[in-house]
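Next up, entry32.cif (mmCIF, C-alpha atoms):
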```
data_query
#
loop_
_atom_site.label_atom_id
_atom_site.label_comp_id
_atom_site.auth_asym_id
_atom_site.auth_seq_id
_atom_site.Cartn_x
_atom_site.Cartn_y
_atom_site.Cartn_z
CA MET M 160 0.00 0.00 0.00
CA THR M 161 2.84 2.36 0.91
CA THR M 162 4.55 1.58 -2.36
CA THR M 163 1.37 2.34 -4.28
CA GLY M 164 1.03 5.59 -2.35
CA ASN M 165 4.58 6.54 -3.26
CA SER M 166 3.88 5.70 -6.89
CA ILE M 167 0.86 8.01 -6.88
CA PHE M 168 2.95 10.73 -5.29
CA ASP M 169 5.63 10.25 -7.95
CA PHE M 170 2.95 10.37 -10.61
CA ARG M 171 1.60 13.67 -9.24
CA SER M 172 5.05 15.20 -9.11
CA SER M 173 5.68 13.96 -12.65
CA ILE M 174 2.43 15.57 -13.77
CA GLY M 175 3.61 18.81 -12.16
CA ASN M 176 6.81 18.63 -14.16
CA TRP M 177 4.93 17.83 -17.33
CA LYS M 178 2.56 20.77 -16.88
CA SER M 179 5.50 23.12 -16.89
CA SER M 180 6.95 21.47 -20.00
CA ILE M 181 3.70 21.13 -21.98
CA ASN M 182 3.88 24.63 -23.45
CA ALA M 183 7.61 24.44 -24.09
CA GLY M 184 7.26 23.01 -27.61
CA PRO M 185 4.93 21.36 -30.09
CA ASN M 186 6.64 17.92 -29.92
CA LYS M 187 6.02 17.38 -26.23
CA CYS M 188 3.10 15.03 -26.84
CA ARG M 189 5.44 12.24 -27.88
CA GLN M 190 7.63 12.73 -24.80
CA ILE M 191 4.59 12.75 -22.54
CA ARG M 192 3.25 9.58 -24.11
CA ALA M 193 6.62 7.90 -23.67
CA ARG M 194 6.81 9.02 -20.02
CA LEU M 195 3.27 7.84 -19.37
CA TYR M 196 4.06 4.47 -20.95
CA ARG M 197 7.22 4.12 -18.82
CA PHE M 198 5.29 5.11 -15.71
CA VAL M 199 2.49 2.61 -16.37
CA ASN M 200 5.03 -0.11 -17.09
CA SER M 201 7.04 0.56 -13.95
CA SER M 202 4.02 0.99 -11.66
CA LEU M 203 1.53 -1.50 -13.04
CA GLY M 204 3.66 -4.05 -14.91
CA LEU M 205 4.84 -7.43 -13.65
CA ASP M 206 8.14 -5.90 -12.57
CA ALA M 207 6.47 -3.49 -10.13
CA SER M 208 7.59 -4.19 -6.58
CA TRP M 209 4.06 -4.46 -5.14
CA VAL M 210 3.18 -7.07 -7.80
CA GLN M 211 6.36 -9.01 -7.11
CA ASN M 212 5.70 -8.91 -3.36
CA HIS M 213 2.23 -10.34 -3.92
CA ILE M 214 3.47 -13.05 -6.29
CA ALA M 215 6.11 -14.11 -3.79
CA ASN M 216 3.36 -14.93 -1.27
CA CYS M 217 0.59 -16.22 -3.56
CA PRO M 218 0.87 -19.78 -4.95
CA ARG M 219 -2.02 -19.28 -7.41
CA CYS M 220 -0.42 -16.21 -8.96
CA GLN M 221 2.90 -18.06 -9.09
CA GLN M 222 1.19 -20.81 -11.11
CA ARG M 223 -0.43 -18.26 -13.43
CA LEU M 224 2.89 -16.50 -13.97
CA ALA M 225 4.64 -19.80 -14.62
CA ALA M 226 1.97 -20.74 -17.18
CA VAL M 227 2.39 -17.42 -19.00
CA GLY M 228 6.16 -17.91 -18.89
CA LYS M 229 5.72 -21.35 -20.44
CA VAL M 230 3.69 -19.92 -23.33
CA GLU M 231 6.34 -17.26 -23.93
CA LEU M 232 9.03 -19.94 -23.80
CA ALA M 233 7.16 -22.08 -26.33
CA LEU M 234 6.75 -19.07 -28.63
CA SER M 235 10.44 -18.25 -28.42
CA LEU M 236 11.31 -21.90 -29.12
CA VAL M 237 9.09 -21.86 -32.22
CA LYS M 238 10.77 -18.64 -33.37
CA SER M 239 14.28 -19.89 -32.70
CA GLN M 240 13.93 -23.02 -34.85
CA HIS M 241 15.07 -22.17 -38.38
CA HIS M 242 13.86 -23.87 -41.53
CA HIS M 243 16.09 -25.44 -44.16
CA LEU M 244 17.95 -23.00 -46.38
CA ASP M 245 16.34 -24.34 -49.54
CA LEU M 246 12.76 -24.15 -48.26
CA LEU M 247 12.11 -20.77 -49.89
CA MET M 248 13.44 -22.11 -53.18
CA ARG M 249 11.26 -25.23 -53.00
CA ALA M 250 8.17 -23.21 -52.05
CA ASN M 251 8.80 -20.82 -54.96
CA VAL M 252 9.27 -23.73 -57.38
CA GLN M 253 5.99 -25.30 -56.25
CA ALA M 254 4.07 -22.00 -56.39
CA VAL M 255 5.50 -20.90 -59.74
CA GLY M 256 4.84 -24.38 -61.16
CA VAL M 257 1.08 -23.91 -61.06
CA LEU M 258 1.03 -20.46 -62.69
CA LYS M 259 0.49 -19.95 -66.42
CA HIS M 260 3.22 -21.09 -68.80
CA SER M 261 4.17 -17.54 -69.80
CA LEU M 262 4.61 -16.59 -66.14
CA ARG M 263 6.62 -19.73 -65.45
CA GLN M 264 9.01 -18.79 -68.28
CA ALA M 265 9.50 -15.19 -67.10
CA PRO M 266 13.09 -14.32 -66.06
CA LYS M 267 11.84 -13.31 -62.60
CA ALA M 268 10.29 -16.75 -62.14
CA GLN M 269 13.59 -18.40 -63.01
CA LYS M 270 15.28 -16.15 -60.46
CA LEU M 271 12.66 -17.05 -57.83
CA LYS M 272 13.26 -20.75 -58.40
CA LYS M 273 16.86 -20.27 -57.26
CA ALA M 274 16.12 -17.79 -54.45
CA LEU M 275 17.75 -18.36 -51.10
CA PRO M 276 16.85 -16.53 -47.89
CA GLU M 277 18.79 -13.31 -47.57
CA PRO M 278 19.88 -12.10 -44.16
CA THR M 279 18.27 -8.88 -42.94
CA LEU M 280 20.26 -5.67 -42.53
CA SER M 281 20.55 -6.16 -38.76
CA GLU M 282 21.81 -9.73 -39.28
CA LYS M 283 24.33 -8.52 -41.85
CA LEU M 284 25.57 -5.82 -39.50
CA SER M 285 25.67 -8.08 -36.45
CA LYS M 286 29.16 -9.37 -37.36
CA TYR M 287 30.45 -5.80 -37.21
CA LYS M 288 28.85 -5.21 -33.80
CA HIS M 289 32.00 -6.01 -31.78
CA SER M 290 34.27 -4.01 -34.09
CA ALA M 291 31.89 -1.05 -33.91
CA ALA M 292 31.81 -1.31 -30.11
CA ASN M 293 35.64 -1.38 -30.00
CA VAL M 294 35.94 1.64 -32.30
CA ALA M 295 33.35 3.53 -30.22
CA ALA M 296 35.28 2.68 -27.05
CA CYS M 297 38.55 3.93 -28.62
CA PHE M 298 36.86 7.18 -29.67
CA ALA M 299 35.44 7.61 -26.18
CA ILE M 300 38.90 7.07 -24.62
CA LEU M 301 40.50 9.51 -27.09
CA LEU M 302 37.81 12.08 -26.35
CA LEU M 303 38.27 11.71 -22.60
CA MET M 304 42.06 11.96 -22.98
CA LYS M 305 41.71 15.07 -25.14
CA ILE M 306 39.35 16.69 -22.64
CA GLY M 307 41.73 15.74 -19.82
CA VAL M 308 44.80 17.12 -21.59
CA PHE M 309 43.12 20.43 -22.49
CA SER M 310 41.69 20.94 -19.02
CA SER M 311 45.15 20.21 -17.55
CA MET M 312 46.71 22.72 -19.96
CA ASP M 313 44.23 25.40 -18.88
CA LYS M 314 44.89 24.66 -15.24
CA PHE M 315 48.68 24.73 -15.79
CA GLN M 316 48.44 28.07 -17.58
CA SER M 317 46.32 29.72 -14.89
CA ARG M 318 48.54 28.40 -12.09
CA SER M 319 51.74 29.63 -13.79
CA GLN M 320 50.15 33.06 -14.31
CA GLU M 321 49.35 33.22 -10.61
CA VAL M 322 52.94 32.29 -9.70
CA PHE M 323 54.37 34.98 -12.01
CA LYS M 324 51.91 37.54 -10.69
CA GLN M 325 52.94 36.79 -7.13
CA TYR M 326 56.64 37.06 -8.12
CA TYR M 327 56.14 40.45 -9.81
CA ALA M 328 53.98 41.68 -6.96
CA LYS M 329 56.75 40.83 -4.52
CA HIS M 330 59.56 42.43 -6.52
CA ILE M 331 58.08 45.37 -8.47
CA GLY M 332 54.86 46.03 -6.58
CA GLN M 333 51.21 45.03 -6.65
CA ASP M 334 50.07 47.85 -8.98
CA LEU M 335 52.48 46.93 -11.75
CA ALA M 336 51.73 43.23 -11.33
CA ASP M 337 47.98 43.95 -11.70
CA GLU M 338 48.71 45.94 -14.85
CA ILE M 339 50.82 43.16 -16.37
CA PHE M 340 48.40 40.36 -15.36
CA PRO M 341 44.89 41.82 -15.45
CA ALA M 342 42.23 39.66 -13.76
CA MET S 139 1.01 -40.77 -45.96
CA PHE S 140 -1.31 -37.98 -45.00
CA ASP S 141 1.19 -35.34 -46.09
CA LYS S 142 1.07 -36.72 -49.62
CA ALA S 143 -2.71 -37.05 -49.60
CA VAL S 144 -3.22 -33.42 -48.61
CA SER S 145 -0.56 -32.23 -51.03
CA TYR S 146 -2.24 -33.94 -53.96
CA GLY S 147 -5.59 -32.69 -52.73
CA LEU S 148 -4.41 -29.11 -52.86
CA VAL S 149 -3.03 -29.48 -56.35
CA ARG S 150 -6.33 -31.00 -57.48
CA ASP S 151 -8.32 -28.18 -55.85
CA PHE S 152 -6.40 -25.59 -57.79
CA SER S 153 -6.20 -27.33 -61.13
CA VAL S 154 -7.91 -24.28 -62.64
CA SER S 155 -4.85 -22.22 -61.86
CA GLU S 156 -3.65 -22.34 -65.46
CA THR S 157 -6.04 -19.50 -66.20
CA VAL S 158 -3.72 -16.93 -64.63
CA ASP S 159 -3.24 -14.10 -67.09
CA GLU S 160 0.14 -12.94 -68.31
CA SER S 161 -0.64 -9.44 -67.07
CA GLN S 162 -0.32 -10.85 -63.56
CA ARG S 163 3.43 -10.54 -63.52
CA TRP S 164 3.02 -8.50 -60.35
CA ILE S 165 2.44 -11.82 -58.56
CA LEU S 166 6.07 -12.71 -59.16
CA SER S 167 7.14 -9.35 -57.74
CA VAL S 168 5.00 -9.96 -54.65
CA MET S 169 6.52 -13.43 -54.32
CA GLN S 170 9.99 -11.94 -54.55
CA LYS S 171 9.26 -9.18 -52.06
CA HIS S 172 7.32 -11.05 -49.36
CA GLY S 173 8.20 -14.69 -50.06
CA GLN S 174 10.84 -14.99 -47.40
CA GLU S 175 8.68 -13.50 -44.63
CA LEU S 176 5.77 -15.70 -45.66
CA VAL S 177 7.84 -18.87 -45.64
CA THR S 178 9.19 -18.01 -42.19
CA MET S 179 5.67 -17.41 -40.82
CA LEU S 180 4.32 -20.59 -42.41
CA TRP S 181 7.24 -22.63 -41.09
CA ARG S 182 6.57 -21.36 -37.58
CA ILE S 183 2.87 -22.15 -37.81
CA LEU S 184 3.20 -25.56 -39.45
CA GLY S 185 6.69 -26.84 -38.63
CA ASN S 186 6.75 -29.08 -41.70
CA ASP S 187 8.47 -28.44 -45.05
CA GLN S 188 5.83 -30.01 -47.32
CA ASP S 189 2.98 -28.25 -45.53
CA VAL S 190 4.80 -24.93 -45.86
CA CYS S 191 5.19 -25.42 -49.62
CA ASP S 192 1.50 -26.36 -49.97
CA ALA S 193 0.28 -23.41 -47.92
CA TYR S 194 2.59 -21.05 -49.85
CA GLN S 195 1.31 -22.33 -53.17
CA SER S 196 -2.27 -22.07 -52.00
CA THR S 197 -1.73 -18.47 -50.83
CA PHE S 198 -0.41 -17.35 -54.21
CA LEU S 199 -3.17 -19.15 -56.05
CA HIS S 200 -5.72 -17.32 -53.92
CA LEU S 201 -3.90 -14.09 -54.78
CA ALA S 202 -3.92 -14.90 -58.49
CA HIS S 203 -7.66 -15.57 -58.48
CA CYS S 204 -8.60 -12.72 -56.13
CA GLN S 205 -10.93 -10.07 -57.62
CA SER S 206 -10.86 -11.71 -61.06
CA GLY S 207 -7.09 -11.52 -61.23
CA GLN S 208 -6.84 -7.84 -60.27
CA LYS S 209 -4.13 -6.77 -57.86
CA PRO S 210 -5.62 -6.22 -54.36
CA ARG S 211 -5.22 -2.77 -52.88
CA HIS S 212 -3.27 -4.00 -49.84
CA VAL S 213 -1.30 -6.94 -51.19
CA LYS S 214 0.76 -7.53 -48.06
CA ALA S 215 -2.31 -7.60 -45.82
CA TYR S 216 -4.06 -9.95 -48.23
CA ILE S 217 -1.24 -12.48 -48.53
CA PHE S 218 -0.42 -12.51 -44.81
CA ARG S 219 -4.04 -13.05 -43.79
CA THR S 220 -4.57 -15.66 -46.48
CA ALA S 221 -1.37 -17.51 -45.59
CA SER S 222 -2.25 -17.45 -41.88
CA ASN S 223 -5.78 -18.75 -42.53
CA VAL S 224 -4.59 -21.44 -44.94
CA ALA S 225 -1.87 -22.61 -42.53
CA VAL S 226 -4.17 -22.75 -39.51
CA SER S 227 -6.85 -24.59 -41.51
CA MET S 228 -4.20 -27.08 -42.56
CA LEU S 229 -3.05 -27.44 -38.95
CA ARG S 230 -6.63 -28.07 -37.78
CA ARG S 231 -7.17 -30.62 -40.54
CA ARG S 232 -3.96 -32.40 -39.56
CA LEU S 233 -5.05 -32.53 -35.92
CA VAL S 234 -8.45 -33.96 -36.80
CA GLU S 235 -6.91 -36.53 -39.15
CA LYS S 236 -4.28 -37.63 -36.65
CA ARG S 237 -6.82 -37.82 -33.84
CA GLY S 238 -9.13 -39.95 -35.99
CA LEU S 239 -6.28 -42.17 -37.08
CA SER S 240 -4.94 -42.70 -33.57
CA ALA S 241 -8.48 -43.48 -32.33
CA ALA S 242 -8.95 -46.01 -35.15
CA ILE S 243 -5.58 -47.59 -34.48
CA ALA S 244 -6.19 -47.66 -30.72
CA GLY S 245 -9.31 -49.71 -31.47
CA GLY S 246 -7.30 -52.12 -33.62
CA ASN S 247 -3.58 -52.68 -33.40
CA SER S 248 -2.08 -50.37 -30.78
CA ALA S 249 1.46 -51.61 -31.42
CA THR S 250 1.75 -49.80 -34.78
CA ALA S 251 0.15 -46.54 -33.65
CA VAL S 252 1.66 -43.37 -35.13
CA PRO S 253 2.39 -40.54 -32.68
CA SER S 254 -0.74 -38.35 -32.50
CA VAL S 255 -1.35 -34.99 -30.87
CA ASP S 256 -3.04 -36.80 -28.00
CA ALA S 257 0.05 -38.92 -27.63
CA VAL S 258 2.14 -35.76 -27.61
CA GLN S 259 -0.15 -34.23 -25.02
CA ASN S 260 0.05 -37.35 -22.90
CA ARG S 261 3.78 -36.90 -22.79
CA PHE S 262 3.35 -33.38 -21.46
CA PRO S 263 2.60 -34.07 -17.77
CA SER S 264 5.87 -35.90 -17.36
CA PRO S 265 8.37 -33.57 -15.64
CA ALA S 266 11.10 -34.91 -17.93
CA ASN S 267 9.15 -33.77 -21.03
CA GLU S 268 7.80 -30.57 -19.53
CA PHE S 269 10.48 -28.46 -21.19
CA ASP S 270 11.04 -30.76 -24.15
CA SER S 271 11.36 -28.28 -26.99
CA LYS S 272 9.58 -30.32 -29.67
CA CYS S 273 6.76 -31.33 -27.34
CA LEU S 274 6.21 -27.76 -26.19
CA GLN S 275 6.15 -26.47 -29.76
CA ASP S 276 3.66 -29.13 -30.87
CA ILE S 277 1.34 -28.35 -27.98
CA LEU S 278 1.56 -24.62 -28.64
CA ARG S 279 0.69 -25.14 -32.33
CA CYS S 280 -2.21 -27.35 -31.33
CA TYR S 281 -3.62 -24.67 -29.03
CA ILE S 282 -2.99 -21.80 -31.45
CA ALA S 283 -5.19 -23.69 -33.93
CA ARG S 284 -7.93 -23.78 -31.28
CA LEU S 285 -7.87 -20.02 -30.57
CA PRO S 286 -10.75 -17.82 -31.73
CA GLU S 287 -10.07 -16.21 -35.13
CA HIS S 288 -9.39 -12.67 -33.94
CA LEU S 289 -6.89 -13.83 -31.28
CA LYS S 290 -5.26 -16.38 -33.60
CA ASP S 291 -4.68 -13.69 -36.26
CA VAL S 292 -2.86 -11.42 -33.82
CA ILE S 293 -0.70 -14.24 -32.42
CA THR S 294 0.32 -15.49 -35.88
CA LEU S 295 1.00 -12.03 -37.30
CA HIS S 296 2.69 -10.47 -34.27
CA ASP S 297 4.50 -13.42 -32.68
CA LEU S 298 5.13 -15.78 -35.58
CA ALA S 299 5.48 -13.31 -38.47
CA GLU S 300 7.13 -10.77 -36.11
CA LEU S 301 5.19 -7.81 -37.49
CA PRO S 302 4.88 -4.75 -35.24
CA TYR S 303 1.51 -4.03 -33.60
CA ALA S 304 0.87 -1.03 -35.87
CA GLN S 305 1.27 -3.19 -38.96
CA VAL S 306 -0.81 -6.02 -37.46
CA GLY S 307 -3.53 -3.47 -36.71
CA ARG S 308 -3.46 -2.18 -40.29
CA ILE S 309 -3.62 -5.71 -41.72
CA LEU S 310 -6.54 -6.74 -39.51
CA GLY S 311 -8.35 -3.40 -39.65
CA ILE S 312 -8.04 -2.74 -35.91
CA SER S 313 -6.01 -0.27 -33.85
CA ALA S 314 -2.56 -1.13 -32.50
CA ALA S 315 -3.95 -0.93 -28.94
CA THR S 316 -6.67 -3.45 -29.77
CA ALA S 317 -4.03 -5.74 -31.25
CA ARG S 318 -2.11 -5.52 -27.96
CA VAL S 319 -5.25 -6.39 -25.98
CA TYR S 320 -6.00 -9.35 -28.27
CA ARG S 321 -2.44 -10.61 -27.92
CA CYS S 322 -2.68 -10.38 -24.13
CA LYS S 323 -5.99 -12.29 -24.16
CA ALA S 324 -4.54 -14.94 -26.47
CA ILE S 325 -1.55 -15.48 -24.18
CA GLN S 326 -3.84 -15.75 -21.15
CA LEU S 327 -6.03 -18.30 -22.91
CA LEU S 328 -3.04 -20.33 -24.08
CA SER S 329 -1.52 -20.31 -20.60
CA VAL S 330 -4.82 -21.49 -19.04
CA TRP S 331 -5.14 -24.30 -21.58
CA MET S 332 -1.53 -25.37 -21.17
CA SER S 333 -1.70 -25.36 -17.38
CA LYS S 334 -5.01 -27.30 -17.45
CA GLU S 335 -3.43 -29.85 -19.74
CA ARG S 336 -0.62 -30.28 -17.26
CA GLN S 337 -2.98 -30.72 -14.30
CA GLU S 338 -5.02 -33.34 -16.17
#
```

Translate the structure of the given file into structure tokens.
Amino acid sequence: MTTTGNSIFDFRSSIGNWKSSINAGPNKCRQIRARLYRFVNSSLGLDASWVQNHIANCPRCQQRLAAVGKVELALSLVKSQHHHLDLLMRANVQAVGVLKHSLRQAPKAQKLKKALPEPTLSEKLSKYKHSAANVAACFAILLLMKIGVFSSMDKFQSRSQEVFKQYYAKHIGQDLADEIFPA
Amino acid sequence: MFDKAVSYGLVRDFSVSETVDESQRWILSVMQKHGQELVTMLWRILGNDQDVCDAYQSTFLHLAHCQSGQKPRHVKAYIFRTASNVAVSMLRRRLVEKRGLSAAIAGGNSATAVPSVDAVQNRFPSPANEFDSKCLQDILRCYIARLPEHLKDVITLHDLAELPYAQVGRILGISAATARVYRCKAIQLLSVWMSKERQE
């Protein structure tokens, strides 16, 4: 109950924040919808703490959840089992075989009879995933190093200016030092 | 044996297919564009190579004879719905045939009985087979075939053809939100059936 109360409080505060941002631009609707979706998912979904607490103490809900999990598992098993590579070709041959003679003789039909499944763009790019991640990591390190070097340079320059200013102030006077090194 | 019988049956049903006009070359383009997705969906629904080929052929023959050979306005929606319906009808017919055959054999010689869906389901309560991949897939297919039409369409298009909800909604003429609700209901129904099966 306390958790639900907190969620409602969070929701109200979120609404307060949204109200202030509603008039900020015309594309806020999408952001608000996304936030609302995230909020509903986090507060009312299966991962919400109050749901998990209930499931931990309720055998019937545990059974229901297990049954739903089993259906999802079966669906993922069905999806993970791939067909033979030549199935598309055989299906095309069978389908083209019952069309009219002129269609069967078309160059496209001949091409279809030899068609093999082509990997999608994401599948093609998946082999470059690790290389891309490595390159991105290298760029990130270079960027951080560059930022670090430049910030150190700035710090070094300001410190050395202070040292020289103190030296001149000691030997030729504060007024002249202020003139040479203006703040 | 039954695979061959149904295969020949389909060919016989569509023996009029030679009337497809030459101007229907767009059918080949559709086959080239959506063939791979269709085969994947049919494979997931049927799980059998010959059935996939038959359902695929049947889908394109329906397309060729649709609206007196004219190209439908939404070709993708048409072929996906047709393929899904053809595949599920085929699945239901298979279940009925196998059930009838196993019942007939059980009455006669039980030693030569072929594995039926009932036999598969009887394996299910065993803890050793509970997570048997093949068994689980067969049972899921069996229950998908039993789902009401509107729920079955969403499950096949969203989960087996992996189309997004927006596209499923457009194909079925419903909103994406309704498609989500139907999918949720279908999963609930499947989970109830599967858990009941286990308890029995």

Within 12 Å of Gln195 of chain S, counting all atoms listed in the file, which residues qualify if same-chain residues fewer than 4 places away don't, as JSON, numbers by chain? {"M": [247, 249, 250, 251, 252, 253, 254, 255, 256, 257, 258], "S": [145, 148, 149, 151, 152, 155, 165, 169, 173, 176, 177, 180, 188, 189, 190, 191, 199, 200, 201, 202, 217, 220, 221, 224, 225]}

Hey, which bits of chain M sit within 12 Å of chain S, and for each residue what's the closest pair of atoms and how far apart in Å (one decimal), counting only C-alpha atoms, rows by chain and increasing number, as JSON lines?
```
{"residue": "M:Arg219", "atom": "CA", "partner": "S:Ser333", "partner_atom": "CA", "distance": 11.7}
{"residue": "M:Gln221", "atom": "CA", "partner": "S:Ser333", "partner_atom": "CA", "distance": 12.0}
{"residue": "M:Gln222", "atom": "CA", "partner": "S:Ser333", "partner_atom": "CA", "distance": 8.3}
{"residue": "M:Arg223", "atom": "CA", "partner": "S:Ser329", "partner_atom": "CA", "distance": 7.5}
{"residue": "M:Leu224", "atom": "CA", "partner": "S:Ser329", "partner_atom": "CA", "distance": 8.8}
{"residue": "M:Ala225", "atom": "CA", "partner": "S:Ser329", "partner_atom": "CA", "distance": 8.6}
{"residue": "M:Ala226", "atom": "CA", "partner": "S:Ser329", "partner_atom": "CA", "distance": 4.9}
{"residue": "M:Val227", "atom": "CA", "partner": "S:Ser329", "partner_atom": "CA", "distance": 5.1}
{"residue": "M:Gly228", "atom": "CA", "partner": "S:Ser329", "partner_atom": "CA", "distance": 8.2}
{"residue": "M:Lys229", "atom": "CA", "partner": "S:Ser329", "partner_atom": "CA", "distance": 7.3}
{"residue": "M:Val230", "atom": "CA", "partner": "S:Ser329", "partner_atom": "CA", "distance": 5.9}
{"residue": "M:Glu231", "atom": "CA", "partner": "S:Ile325", "partner_atom": "CA", "distance": 8.1}
{"residue": "M:Leu232", "atom": "CA", "partner": "S:Leu274", "partner_atom": "CA", "distance": 8.6}
{"residue": "M:Ala233", "atom": "CA", "partner": "S:Gln275", "partner_atom": "CA", "distance": 5.7}
{"residue": "M:Leu234", "atom": "CA", "partner": "S:Asp297", "partner_atom": "CA", "distance": 7.3}
{"residue": "M:Ser235", "atom": "CA", "partner": "S:Asp297", "partner_atom": "CA", "distance": 8.8}
{"residue": "M:Leu236", "atom": "CA", "partner": "S:Ser271", "partner_atom": "CA", "distance": 6.7}
{"residue": "M:Val237", "atom": "CA", "partner": "S:Arg182", "partner_atom": "CA", "distance": 5.9}
{"residue": "M:Lys238", "atom": "CA", "partner": "S:Arg182", "partner_atom": "CA", "distance": 6.5}
{"residue": "M:Ser239", "atom": "CA", "partner": "S:Arg182", "partner_atom": "CA", "distance": 9.2}
{"residue": "M:Gln240", "atom": "CA", "partner": "S:Arg182", "partner_atom": "CA", "distance": 8.0}
{"residue": "M:His241", "atom": "CA", "partner": "S:Thr178", "partner_atom": "CA", "distance": 8.1}
{"residue": "M:His242", "atom": "CA", "partner": "S:Trp181", "partner_atom": "CA", "distance": 6.7}
{"residue": "M:His243", "atom": "CA", "partner": "S:Asp187", "partner_atom": "CA", "distance": 8.2}
{"residue": "M:Leu244", "atom": "CA", "partner": "S:Gln174", "partner_atom": "CA", "distance": 10.8}
{"residue": "M:Asp245", "atom": "CA", "partner": "S:Asp187", "partner_atom": "CA", "distance": 9.9}
{"residue": "M:Leu246", "atom": "CA", "partner": "S:Asp187", "partner_atom": "CA", "distance": 6.9}
{"residue": "M:Leu247", "atom": "CA", "partner": "S:Val177", "partner_atom": "CA", "distance": 6.3}
{"residue": "M:Met248", "atom": "CA", "partner": "S:Gln174", "partner_atom": "CA", "distance": 9.5}
{"residue": "M:Arg249", "atom": "CA", "partner": "S:Cys191", "partner_atom": "CA", "distance": 7.0}
{"residue": "M:Ala250", "atom": "CA", "partner": "S:Cys191", "partner_atom": "CA", "distance": 4.4}
{"residue": "M:Asn251", "atom": "CA", "partner": "S:Met169", "partner_atom": "CA", "distance": 7.8}
{"residue": "M:Val252", "atom": "CA", "partner": "S:Cys191", "partner_atom": "CA", "distance": 8.9}
{"residue": "M:Gln253", "atom": "CA", "partner": "S:Gln195", "partner_atom": "CA", "distance": 6.3}
{"residue": "M:Ala254", "atom": "CA", "partner": "S:Gln195", "partner_atom": "CA", "distance": 4.3}
{"residue": "M:Val255", "atom": "CA", "partner": "S:Gln195", "partner_atom": "CA", "distance": 7.9}
{"residue": "M:Gly256", "atom": "CA", "partner": "S:Gln195", "partner_atom": "CA", "distance": 9.0}
{"residue": "M:Val257", "atom": "CA", "partner": "S:Ser155", "partner_atom": "CA", "distance": 6.2}
{"residue": "M:Leu258", "atom": "CA", "partner": "S:Glu156", "partner_atom": "CA", "distance": 5.8}
{"residue": "M:Lys259", "atom": "CA", "partner": "S:Glu156", "partner_atom": "CA", "distance": 4.9}
{"residue": "M:His260", "atom": "CA", "partner": "S:Glu156", "partner_atom": "CA", "distance": 7.7}
{"residue": "M:Ser261", "atom": "CA", "partner": "S:Glu160", "partner_atom": "CA", "distance": 6.3}
{"residue": "M:Leu262", "atom": "CA", "partner": "S:Glu160", "partner_atom": "CA", "distance": 6.2}
{"residue": "M:Arg263", "atom": "CA", "partner": "S:Leu166", "partner_atom": "CA", "distance": 9.4}
{"residue": "M:Gln264", "atom": "CA", "partner": "S:Glu160", "partner_atom": "CA", "distance": 10.6}
{"residue": "M:Ala265", "atom": "CA", "partner": "S:Arg163", "partner_atom": "CA", "distance": 8.4}
{"residue": "M:Pro266", "atom": "CA", "partner": "S:Leu166", "partner_atom": "CA", "distance": 10.0}
{"residue": "M:Lys267", "atom": "CA", "partner": "S:Leu166", "partner_atom": "CA", "distance": 6.7}
{"residue": "M:Ala268", "atom": "CA", "partner": "S:Leu166", "partner_atom": "CA", "distance": 6.6}
{"residue": "M:Gln269", "atom": "CA", "partner": "S:Leu166", "partner_atom": "CA", "distance": 10.2}
{"residue": "M:Lys270", "atom": "CA", "partner": "S:Gln170", "partner_atom": "CA", "distance": 9.0}
{"residue": "M:Leu271", "atom": "CA", "partner": "S:Gln170", "partner_atom": "CA", "distance": 6.6}
{"residue": "M:Lys272", "atom": "CA", "partner": "S:Gln170", "partner_atom": "CA", "distance": 10.2}
{"residue": "M:Lys273", "atom": "CA", "partner": "S:Gln170", "partner_atom": "CA", "distance": 11.1}
{"residue": "M:Ala274", "atom": "CA", "partner": "S:Gln170", "partner_atom": "CA", "distance": 8.5}
{"residue": "M:Leu275", "atom": "CA", "partner": "S:Gln174", "partner_atom": "CA", "distance": 8.5}
{"residue": "M:Pro276", "atom": "CA", "partner": "S:Gln174", "partner_atom": "CA", "distance": 6.2}
{"residue": "M:Glu277", "atom": "CA", "partner": "S:Gln174", "partner_atom": "CA", "distance": 8.1}
{"residue": "M:Pro278", "atom": "CA", "partner": "S:Gln174", "partner_atom": "CA", "distance": 10.0}
{"residue": "M:Thr279", "atom": "CA", "partner": "S:Gln174", "partner_atom": "CA", "distance": 10.6}
```

Report the distance between atom CA of Trp209 of chain M and atom CA of Ala315 of chain S in Å, rounded to one decimal place.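 Distance between the two atoms: 25.4 Å.
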
Please indicate the distance in Å from atom CA of Val308 of chain M to atom CA of Phe340 of chain M, rounded to one decimal place.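 Computing the Euclidean distance for atom CA of Val308 of chain M and atom CA of Phe340 of chain M yields 24.3 Å.
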
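Reported to one decimal place, the separation of atom CA of Ile306 of chain M from atom CA of Ser290 of chain M is 24.2 Å.
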
Take the PyMOL selection byres ((chain M and resi 210) around 12), apply it to the structure above, and return the hits as a PyMOL selection string. chain M and resi 160+162-163+200-209+211-217+220-221+224
